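J.: Supplied in structure tokens, the structure appears directly below.
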Amino acid sequence: MQSWVPAVLFLGFCLAFARAKKSRSLVGLVKTSTATGTLTLLVGWFKVVFAFPSSACPDFRNRRPTVNFDHYESSYFPLRATCHWDNGEQKALVGAWMNPLLFTCIAVLTCCLVTMAVLAHRRYRKGHPR
């Protein structure tokens, strides 16, 4: 799952979810970004939690000189699970598309919620003159 195909599939699924409700555009964007971000975060957490270094980061004893596993780094936010070997090689266990998609969803959700708050405040002020 290192390609961008899962990201496109996640986004397509979540767009279909938002369209099924036939809501207004801002509410639809909130639903889509929330669903996509949540799904991406859950899949990423699943990859971080169940990435066991003993099986995901093997020693390369068949190489000359022998390459041994050095250390493992993981983080839940931003999503990261990386194996490091003593010759400088690295292997990312979390897809490269997950963090950009997650932060894009957070940005879209924040912009939509701020816009909705501003529009609600304007409607409130129109209805209640000072």
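Residue numbers start at 1 in each chain; chains themselves are named A, B, ... in the order of the structure tokens; ligands are numbered from 1 in the order shown.
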In segment 2-127 of chain A, what's strand (DSSP E) per DSSP? Answer as a PyMOL selection string?
T.: chain A and resi 69-76+79-85+90-92
J.: Might you pull out every residue within 7 Å of segment 101-106 of chain A, with only C-alpha atoms counted and same-chain residues fewer than 2 positions away left off, and present them as a short mmCIF file (atom, residue, chain, number, x, y, z; two decimals) with C-alpha atoms, in the first residue's frame?
T.:
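Just written: selection-v3.cif:
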data_model
loop_
_atom_site.label_atom_id
_atom_site.label_comp_id
_atom_site.auth_asym_id
_atom_site.auth_seq_id
_atom_site.Cartn_x
_atom_site.Cartn_y
_atom_site.Cartn_z
CA SER A 33 -13.12 15.57 5.25
CA THR A 34 -14.16 14.06 8.58
CA THR A 36 -11.66 10.61 4.99
CA GLY A 37 -9.46 11.88 7.82
CA THR A 40 -6.93 7.50 7.10
CA LEU A 41 -6.03 7.98 10.76
CA TRP A 97 0.16 9.26 1.14
CA MET A 98 -1.30 9.01 4.64
CA ASN A 99 0.12 12.12 6.31
CA VAL A 108 -10.35 21.49 4.90
CA LEU A 109 -12.35 20.68 8.04
CA THR A 110 -10.93 23.69 9.89
#
J.: Write out as a list of chain:residue names each polymer residue whose atoms come within 10 Å of Cys111 of chain A, counting only C-alpha atoms; drop sequence neighbours fewer than 6 positions from it.
T.: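 Near neighbours after the sequence-gap exclusion: A:Leu26, A:Leu29, A:Val30, A:Cys105, A:Ala117.
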J.: Just N, CA and C atoms for this one: save the residues we selected as a CSV table (one decimal), in the first residue's frame.
T.:
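Saved as out.csv:
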chain,number,residue,atom,x,y,z
A,26,LEU,N,-21.0,23.1,2.1
A,26,LEU,CA,-20.1,23.1,3.3
A,26,LEU,C,-20.3,21.9,4.2
A,29,LEU,N,-18.7,19.0,2.6
A,29,LEU,CA,-17.2,19.0,2.7
A,29,LEU,C,-16.8,18.6,4.2
A,30,VAL,N,-17.5,19.1,5.2
A,30,VAL,CA,-17.3,18.7,6.5
A,30,VAL,C,-17.4,17.2,6.7
A,105,CYS,N,-7.2,16.9,5.1
A,105,CYS,CA,-8.5,16.7,5.7
A,105,CYS,C,-8.7,17.6,6.9
A,117,ALA,N,-19.0,29.1,11.0
A,117,ALA,CA,-19.1,30.0,12.1
A,117,ALA,C,-19.3,31.5,11.7
J.: Within 8 Å of Phe69 of chain A, counting only C-alpha atoms, which residues show up once you throw out same-chain ones fewer than 5 positions away? Write them as a list of chain:residue names, please.
T.: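 Counting only C-alpha atoms, the residues come to A:Cys57, A:Pro58, A:Asp59, A:Cys83, A:His84, A:Trp85, A:Asp86.
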J.: Go ahead and write the residues just picked, all heavy atoms, as a short mmCIF file (atom, residue, chain, number, x, y, z; two decimals), in the first residue's frame.
T.:
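So the final result, stored in again_20.cif, reads:
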data_model
loop_
_atom_site.label_atom_id
_atom_site.label_comp_id
_atom_site.auth_asym_id
_atom_site.auth_seq_id
_atom_site.Cartn_x
_atom_site.Cartn_y
_atom_site.Cartn_z
N CYS A 57 11.11 -5.82 10.15
CA CYS A 57 12.46 -5.29 9.97
C CYS A 57 13.49 -6.41 10.16
O CYS A 57 14.18 -6.47 11.18
CB CYS A 57 12.74 -4.17 10.97
SG CYS A 57 11.47 -2.91 11.05
N PRO A 58 13.62 -7.30 9.19
CA PRO A 58 14.54 -8.43 9.38
C PRO A 58 16.01 -8.03 9.20
O PRO A 58 16.32 -7.01 8.59
CB PRO A 58 14.11 -9.40 8.28
CG PRO A 58 13.64 -8.50 7.19
CD PRO A 58 12.98 -7.35 7.89
N ASP A 59 16.90 -8.86 9.73
CA ASP A 59 18.33 -8.72 9.44
C ASP A 59 18.58 -9.32 8.06
O ASP A 59 17.93 -10.27 7.65
CB ASP A 59 19.16 -9.49 10.48
CG ASP A 59 19.13 -8.84 11.84
OD1 ASP A 59 18.92 -7.62 11.90
OD2 ASP A 59 19.31 -9.57 12.84
N CYS A 83 11.79 1.44 9.93
CA CYS A 83 12.88 0.53 10.31
C CYS A 83 14.19 1.15 9.84
O CYS A 83 14.27 1.69 8.74
CB CYS A 83 12.71 -0.82 9.64
SG CYS A 83 11.19 -1.67 10.05
N HIS A 84 15.21 1.03 10.66
CA HIS A 84 16.55 1.52 10.32
C HIS A 84 17.54 0.38 10.47
O HIS A 84 17.49 -0.35 11.46
CB HIS A 84 16.97 2.67 11.24
CG HIS A 84 16.12 3.89 11.12
ND1 HIS A 84 16.36 4.87 10.21
CD2 HIS A 84 15.01 4.27 11.79
CE1 HIS A 84 15.46 5.83 10.33
NE2 HIS A 84 14.61 5.47 11.28
N TRP A 85 18.44 0.24 9.48
CA TRP A 85 19.49 -0.76 9.56
C TRP A 85 20.83 -0.08 9.75
O TRP A 85 20.97 1.12 9.52
CB TRP A 85 19.48 -1.61 8.29
CG TRP A 85 18.34 -2.57 8.26
CD1 TRP A 85 18.31 -3.82 8.78
CD2 TRP A 85 17.04 -2.36 7.69
NE1 TRP A 85 17.08 -4.40 8.58
CE2 TRP A 85 16.29 -3.53 7.90
CE3 TRP A 85 16.44 -1.30 7.02
CZ2 TRP A 85 14.97 -3.66 7.48
CZ3 TRP A 85 15.14 -1.43 6.60
CH2 TRP A 85 14.42 -2.60 6.83
N ASP A 86 21.83 -0.86 10.15
CA ASP A 86 23.13 -0.28 10.48
C ASP A 86 23.91 0.22 9.27
O ASP A 86 24.90 0.93 9.43
CB ASP A 86 23.98 -1.25 11.31
CG ASP A 86 24.25 -2.56 10.60
OD1 ASP A 86 23.79 -2.75 9.46
OD2 ASP A 86 24.94 -3.41 11.21
#
J.: Find the distance between atom CA of Val94 of chain A and atom CA of Gly44 of chain A and write it in Å to one decimal.
T.: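 Pair atom CA of Val94 of chain A / atom CA of Gly44 of chain A returns 6.6 Å.
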J.: Could you pull out the residues in segment 10-123 of chain A that DSSP calls alpha helix (DSSP H) from the backbone, as a PyMOL selection string?
T.: chain A and resi 10-20+25-49+53-56+98-123
J.: If you measure from atom CA of Lys31 of chain A to atom CA of Leu9 of chain A, what distance in Å do you get, rounded to one decimal?
T.: 16.3 Å
J.: Identify which of the residues A:Asn68, A:Asn62, A:Ser25, A:Ser74 lies closest to Leu93 of chain A, counting only C-alpha atoms when measuring atom-to-atom distances.
T.: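 For Leu93 of chain A, the nearest of the given residues is A:Ser74.
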J.: Provide the atom CA of Ala51 of chain A to atom CA of Ala96 of chain A distance in Å, to one decimal place.
T.: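 Result for atom CA of Ala51 of chain A versus atom CA of Ala96 of chain A: 15.5 Å, one decimal.
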J.: Nearest to Pro6 of chain A: which of A:Leu39, A:Leu79, A:Ala107, A:Gly127 is it, counting only C-alpha atoms?
T.: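 Between A:Leu39, A:Leu79, A:Ala107, A:Gly127, the residue approaching Pro6 of chain A most closely is A:Leu39.
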J.: Using only C-alpha atoms for the distances, tell me which of A:Arg123, A:Arg61, A:Glu73, A:Val67 is nearest to Glu89 of chain A.
T.: A:Val67
